[in-house]
Amino acid sequence: MRRWGKGLTFVGLAILVVSVVVGGILAATGAGNIVNDSFVVEPTARHAYDAGDTFTLFTEDGRAPSCNIDGPAEPVRNGSLTAEFDHDGNHVESFASFEVVQGGTYTFECTDRVVVASVDVGGILSLGGGIALAFLGGGLGGLLFLIGVVLWIIAGRKPRTA
């Protein structure tokens, strides 16, 4: 039983450390890649996109300003992506998301200050997966570690003689 205790202790510790380290790295890189390629429309801006790219419009005050987007083809409005982040020290919330049908340069004109950003779904999945791996893998490793330590201690005791 003592051998099982040692084995579970070291296996649990290894799973705990690897899960927390790898999960932390995945979460950190995912968080850094969720919002990329952002710029401000105040009141106009131009940006080049490739076909298939997506972008989301964000506002600081929660109200959706009126925006006109001109380019080689009208971008298609996506489902309602709800996202928020801090941009240059200001908290912004999404109000519209689009997919570019035809690549080229697009001109944005809005009635109020708008932040336009590409939101990477892969970054969101990496963040969530990293957090899940850190907690679930770390929890499993911690549990195996504790069971191993208990078995190691119990098996290491000498029986009492009367």
# chains A, B, ... in the order shown; residues from 1 in each chain; ligands from 1

call {"tool": "closest_atom_pairs", "arguments": {"of": "segment 49-74 of chain A", "to": "segment 103-113 of chain A", "cutoff": "8 Å", "atoms": "only C-alpha atoms", "output": "JSON lines"}}
result
{"residue": "A:Tyr49", "atom": "CA", "partner": "A:Gly103", "partner_atom": "CA", "distance": 5.3}
{"residue": "A:Asp50", "atom": "CA", "partner": "A:Gly103", "partner_atom": "CA", "distance": 4.0}
{"residue": "A:Ala51", "atom": "CA", "partner": "A:Gly103", "partner_atom": "CA", "distance": 4.4}
{"residue": "A:Gly52", "atom": "CA", "partner": "A:Gly103", "partner_atom": "CA", "distance": 8.0}
{"residue": "A:Thr59", "atom": "CA", "partner": "A:Arg113", "partner_atom": "CA", "distance": 7.0}
{"residue": "A:Glu60", "atom": "CA", "partner": "A:Arg113", "partner_atom": "CA", "distance": 7.9}
{"residue": "A:Pro65", "atom": "CA", "partner": "A:Thr111", "partner_atom": "CA", "distance": 5.7}
{"residue": "A:Ser66", "atom": "CA", "partner": "A:Thr111", "partner_atom": "CA", "distance": 5.5}
{"residue": "A:Cys67", "atom": "CA", "partner": "A:Cys110", "partner_atom": "CA", "distance": 4.1}
{"residue": "A:Asn68", "atom": "CA", "partner": "A:Glu109", "partner_atom": "CA", "distance": 5.2}
{"residue": "A:Ile69", "atom": "CA", "partner": "A:Phe108", "partner_atom": "CA", "distance": 4.7}
{"residue": "A:Asp70", "atom": "CA", "partner": "A:Thr107", "partner_atom": "CA", "distance": 5.1}
{"residue": "A:Gly71", "atom": "CA", "partner": "A:Tyr106", "partner_atom": "CA", "distance": 4.3}
{"residue": "A:Pro72", "atom": "CA", "partner": "A:Gly104", "partner_atom": "CA", "distance": 6.1}

call {"tool": "residues_around", "arguments": {"residues": "Ile147 of chain A", "least_positions_apart": "5", "cutoff": "8 Å", "atoms": "only C-alpha atoms", "output": "list of chain:residue names"}}
result
A:Gly5, A:Leu8, A:Thr9

call {"tool": "write_last_selection", "arguments": {"atoms": "all heavy atoms", "output": "short mmCIF file (atom, residue, chain, number, x, y, z; two decimals), in the first residue's frame"}}
result
data_model
loop_
_atom_site.label_atom_id
_atom_site.label_comp_id
_atom_site.auth_asym_id
_atom_site.auth_seq_id
_atom_site.Cartn_x
_atom_site.Cartn_y
_atom_site.Cartn_z
N GLY A 5 0.75 4.50 -2.49
CA GLY A 5 0.70 5.86 -1.97
C GLY A 5 1.74 6.76 -2.61
O GLY A 5 1.45 7.88 -3.02
N LEU A 8 0.70 7.31 -6.39
CA LEU A 8 -0.40 8.27 -6.52
C LEU A 8 0.03 9.68 -6.16
O LEU A 8 -0.41 10.65 -6.78
CB LEU A 8 -1.59 7.84 -5.66
CG LEU A 8 -2.44 6.70 -6.19
CD1 LEU A 8 -3.53 6.33 -5.19
CD2 LEU A 8 -3.06 7.07 -7.53
N THR A 9 0.90 9.81 -5.18
CA THR A 9 1.38 11.13 -4.78
C THR A 9 2.13 11.80 -5.93
O THR A 9 1.84 12.95 -6.28
CB THR A 9 2.31 11.03 -3.55
OG1 THR A 9 1.58 10.47 -2.47
CG2 THR A 9 2.85 12.39 -3.15
#

call {"tool": "residues_around", "arguments": {"residues": "Asp61 of chain A", "least_positions_apart": "4", "cutoff": "9 Å", "atoms": "only C-alpha atoms", "output": "PyMOL selection string"}}
result
chain A and resi 91-93

call {"tool": "write_last_selection", "arguments": {"atoms": "N, CA and C atoms", "output": "PDB file, in the first residue's frame"}}
result
ATOM      1  N   HIS A  91     -14.252  51.150 -21.100  1.00  0.00           N
ATOM      2  CA  HIS A  91     -14.999  49.902 -21.221  1.00  0.00           C
ATOM      3  C   HIS A  91     -15.974  50.019 -22.389  1.00  0.00           C
ATOM      4  N   VAL A  92     -15.909  49.069 -23.322  1.00  0.00           N
ATOM      5  CA  VAL A  92     -16.786  49.101 -24.495  1.00  0.00           C
ATOM      6  C   VAL A  92     -17.603  47.816 -24.584  1.00  0.00           C
ATOM      7  N   GLU A  93     -18.826  47.930 -25.144  1.00  0.00           N
ATOM      8  CA  GLU A  93     -19.742  46.800 -25.304  1.00  0.00           C
ATOM      9  C   GLU A  93     -20.144  46.685 -26.758  1.00  0.00           C
TER      10      GLU A  93
END

call {"tool": "residues_around", "arguments": {"residues": "segment 121-129 of chain A", "least_positions_apart": "5", "cutoff": "8 Å", "atoms": "only C-alpha atoms", "output": "list in words"}}
result
Gly23, Leu26, Ala27, Ala28, Thr29, Gly30, Ala31, Gly32, Asn33 and Ile34 of chain A

call {"tool": "residues_around", "arguments": {"residues": "Arg157 of chain A", "least_positions_apart": "5", "cutoff": "12 Å", "atoms": "only C-alpha atoms", "output": "list of chain:residue names"}}
result
A:Met1, A:Arg2, A:Val150, A:Leu151, A:Trp152

call {"tool": "select_by_dssp", "arguments": {"residues": "segment 7-74 of chain A", "states": "strand (DSSP E or B)", "output": "JSON list (two decimals) with N, CA, C and O atoms, in the first residue's frame"}}
result
[["chain", "number", "residue", "atom", "x", "y", "z"],
["A", 35, "VAL", "N", -9.61, 39.74, -28.70],
["A", 35, "VAL", "CA", -9.84, 40.96, -29.47],
["A", 35, "VAL", "C", -8.51, 41.38, -30.08],
["A", 35, "VAL", "O", -7.54, 41.61, -29.39],
["A", 36, "ASN", "N", -8.50, 41.45, -31.41],
["A", 36, "ASN", "CA", -7.29, 41.89, -32.08],
["A", 36, "ASN", "C", -7.66, 42.83, -33.21],
["A", 36, "ASN", "O", -8.81, 42.92, -33.61],
["A", 37, "ASP", "N", -6.72, 43.55, -33.70],
["A", 37, "ASP", "CA", -6.92, 44.42, -34.85],
["A", 37, "ASP", "C", -8.06, 45.42, -34.62],
["A", 37, "ASP", "O", -9.00, 45.50, -35.39],
["A", 38, "SER", "N", -7.97, 46.19, -33.54],
["A", 38, "SER", "CA", -9.03, 47.16, -33.24],
["A", 38, "SER", "C", -8.60, 48.57, -33.65],
["A", 38, "SER", "O", -7.42, 48.89, -33.69],
["A", 39, "PHE", "N", -9.61, 49.36, -34.00],
["A", 39, "PHE", "CA", -9.38, 50.76, -34.35],
["A", 39, "PHE", "C", -10.62, 51.56, -33.99],
["A", 39, "PHE", "O", -11.69, 51.01, -33.75],
["A", 40, "VAL", "N", -10.47, 52.89, -33.95],
["A", 40, "VAL", "CA", -11.56, 53.78, -33.54],
["A", 40, "VAL", "C", -12.12, 54.51, -34.76],
["A", 40, "VAL", "O", -11.37, 54.97, -35.61],
["A", 41, "VAL", "N", -13.44, 54.58, -34.80],
["A", 41, "VAL", "CA", -14.14, 55.36, -35.82],
["A", 41, "VAL", "C", -14.64, 56.63, -35.13],
["A", 41, "VAL", "O", -15.48, 56.57, -34.24],
["A", 44, "THR", "N", -15.02, 58.98, -38.89],
["A", 44, "THR", "CA", -14.80, 58.09, -40.02],
["A", 44, "THR", "C", -13.48, 57.34, -39.86],
["A", 44, "THR", "O", -12.58, 57.79, -39.14],
["A", 45, "ALA", "N", -13.39, 56.21, -40.55],
["A", 45, "ALA", "CA", -12.15, 55.44, -40.57],
["A", 45, "ALA", "C", -12.22, 54.48, -41.76],
["A", 45, "ALA", "O", -13.30, 54.17, -42.26],
["A", 46, "ARG", "N", -11.03, 54.04, -42.21],
["A", 46, "ARG", "CA", -10.95, 53.07, -43.31],
["A", 46, "ARG", "C", -10.12, 51.88, -42.83],
["A", 46, "ARG", "O", -9.17, 52.04, -42.07],
["A", 47, "HIS", "N", -10.51, 50.69, -43.31],
["A", 47, "HIS", "CA", -9.79, 49.48, -42.90],
["A", 47, "HIS", "C", -9.93, 48.43, -44.00],
["A", 47, "HIS", "O", -10.99, 48.29, -44.60],
["A", 48, "ALA", "N", -8.84, 47.68, -44.23],
["A", 48, "ALA", "CA", -8.84, 46.63, -45.24],
["A", 48, "ALA", "C", -9.18, 45.28, -44.60],
["A", 48, "ALA", "O", -8.65, 44.94, -43.54],
["A", 49, "TYR", "N", -10.05, 44.53, -45.27],
["A", 49, "TYR", "CA", -10.45, 43.20, -44.82],
["A", 49, "TYR", "C", -10.36, 42.22, -45.98],
["A", 49, "TYR", "O", -10.47, 42.59, -47.15],
["A", 54, "THR", "N", -14.40, 38.75, -40.01],
["A", 54, "THR", "CA", -15.52, 39.27, -39.23],
["A", 54, "THR", "C", -15.04, 40.44, -38.39],
["A", 54, "THR", "O", -13.87, 40.51, -38.03],
["A", 55, "PHE", "N", -15.95, 41.35, -38.12],
["A", 55, "PHE", "CA", -15.63, 42.46, -37.22],
["A", 55, "PHE", "C", -16.87, 42.80, -36.42],
["A", 55, "PHE", "O", -17.99, 42.50, -36.81],
["A", 56, "THR", "N", -16.64, 43.40, -35.26],
["A", 56, "THR", "CA", -17.71, 43.76, -34.34],
["A", 56, "THR", "C", -17.58, 45.24, -34.00],
["A", 56, "THR", "O", -16.48, 45.75, -33.83],
["A", 57, "LEU", "N", -18.72, 45.91, -33.90],
["A", 57, "LEU", "CA", -18.76, 47.32, -33.52],
["A", 57, "LEU", "C", -19.05, 47.41, -32.02],
["A", 57, "LEU", "O", -19.95, 46.74, -31.51],
["A", 58, "PHE", "N", -18.29, 48.26, -31.34],
["A", 58, "PHE", "CA", -18.42, 48.44, -29.89],
["A", 58, "PHE", "C", -18.65, 49.91, -29.58],
["A", 58, "PHE", "O", -18.15, 50.80, -30.28],
["A", 59, "THR", "N", -19.40, 50.17, -28.52],
["A", 59, "THR", "CA", -19.65, 51.53, -28.07],
["A", 59, "THR", "C", -19.34, 51.64, -26.58],
["A", 59, "THR", "O", -19.39, 50.65, -25.85],
["A", 67, "CYS", "N", -24.35, 53.82, -37.96],
["A", 67, "CYS", "CA", -23.11, 53.66, -38.71],
["A", 67, "CYS", "C", -23.41, 53.28, -40.15],
["A", 67, "CYS", "O", -24.32, 52.49, -40.42],
["A", 68, "ASN", "N", -22.62, 53.82, -41.06],
["A", 68, "ASN", "CA", -22.70, 53.47, -42.47],
["A", 68, "ASN", "C", -21.37, 52.83, -42.84],
["A", 68, "ASN", "O", -20.31, 53.41, -42.60],
["A", 69, "ILE", "N", -21.43, 51.63, -43.43],
["A", 69, "ILE", "CA", -20.22, 50.91, -43.81],
["A", 69, "ILE", "C", -20.24, 50.72, -45.32],
["A", 69, "ILE", "O", -21.11, 50.04, -45.86],
["A", 70, "ASP", "N", -19.28, 51.37, -46.00],
["A", 70, "ASP", "CA", -19.19, 51.27, -47.46],
["A", 70, "ASP", "C", -17.93, 50.51, -47.84],
["A", 70, "ASP", "O", -16.88, 50.68, -47.22]]

call {"tool": "closest_residue", "arguments": {"among": "A:Glu42, A:Asp86, A:Glu74, A:Asp53", "to": "Val119 of chain A", "atoms": "only C-alpha atoms"}}
result
A:Asp53

call {"tool": "select_by_dssp", "arguments": {"residues": "segment 25-108 of chain A", "states": "helix (DSSP H, G or I)", "output": "JSON, numbers by chain"}}
result
{"A": [25, 26, 27, 28, 29, 30, 31, 32, 33]}

call {"tool": "residues_around", "arguments": {"residues": "Leu13 of chain A", "least_positions_apart": "2", "cutoff": "6 Å", "atoms": "only C-alpha atoms", "output": "number ranges by chain"}}
result
A: 10-11, 15-16, 141, 145

call {"tool": "write_last_selection", "arguments": {"atoms": "N, CA and C atoms", "output": "tab-separated table (two decimals), in the first residue's frame"}}
result
chain	number	residue	atom	x	y	z
A	10	PHE	N	3.05	11.09	-6.54
A	10	PHE	CA	3.85	11.68	-7.61
A	10	PHE	C	3.04	11.88	-8.90
A	11	VAL	N	2.18	10.92	-9.22
A	11	VAL	CA	1.32	11.07	-10.41
A	11	VAL	C	0.37	12.25	-10.21
A	15	ILE	N	0.20	15.62	-12.51
A	15	ILE	CA	-1.03	16.05	-13.19
A	15	ILE	C	-1.42	17.45	-12.73
A	16	LEU	N	-1.31	17.70	-11.45
A	16	LEU	CA	-1.65	19.02	-10.90
A	16	LEU	C	-0.79	20.11	-11.53
A	141	GLY	N	-5.63	16.18	-10.19
A	141	GLY	CA	-4.26	15.98	-9.70
A	141	GLY	C	-4.16	16.19	-8.20
A	145	PHE	N	-3.13	13.41	-5.47
A	145	PHE	CA	-2.02	13.73	-4.57
A	145	PHE	C	-2.41	13.49	-3.12

call {"tool": "residues_around", "arguments": {"residues": "Pro75 of chain A", "least_positions_apart": "3", "cutoff": "8 Å", "atoms": "only C-alpha atoms", "output": "list in words"}}
result
Ile69, Phe98, Glu99, Val100, Val101 and Gln102 of chain A

call {"tool": "closest_residue", "arguments": {"among": "A:Val21, A:Ala83, A:Ala155, A:Val114", "to": "Arg3 of chain A", "atoms": "only C-alpha atoms"}}
result
A:Ala155

call {"tool": "closest_residue", "arguments": {"among": "A:Leu133, A:Asp88, A:Ser94, A:Ser118", "to": "Val22 of chain A", "atoms": "only C-alpha atoms"}}
result
A:Leu133
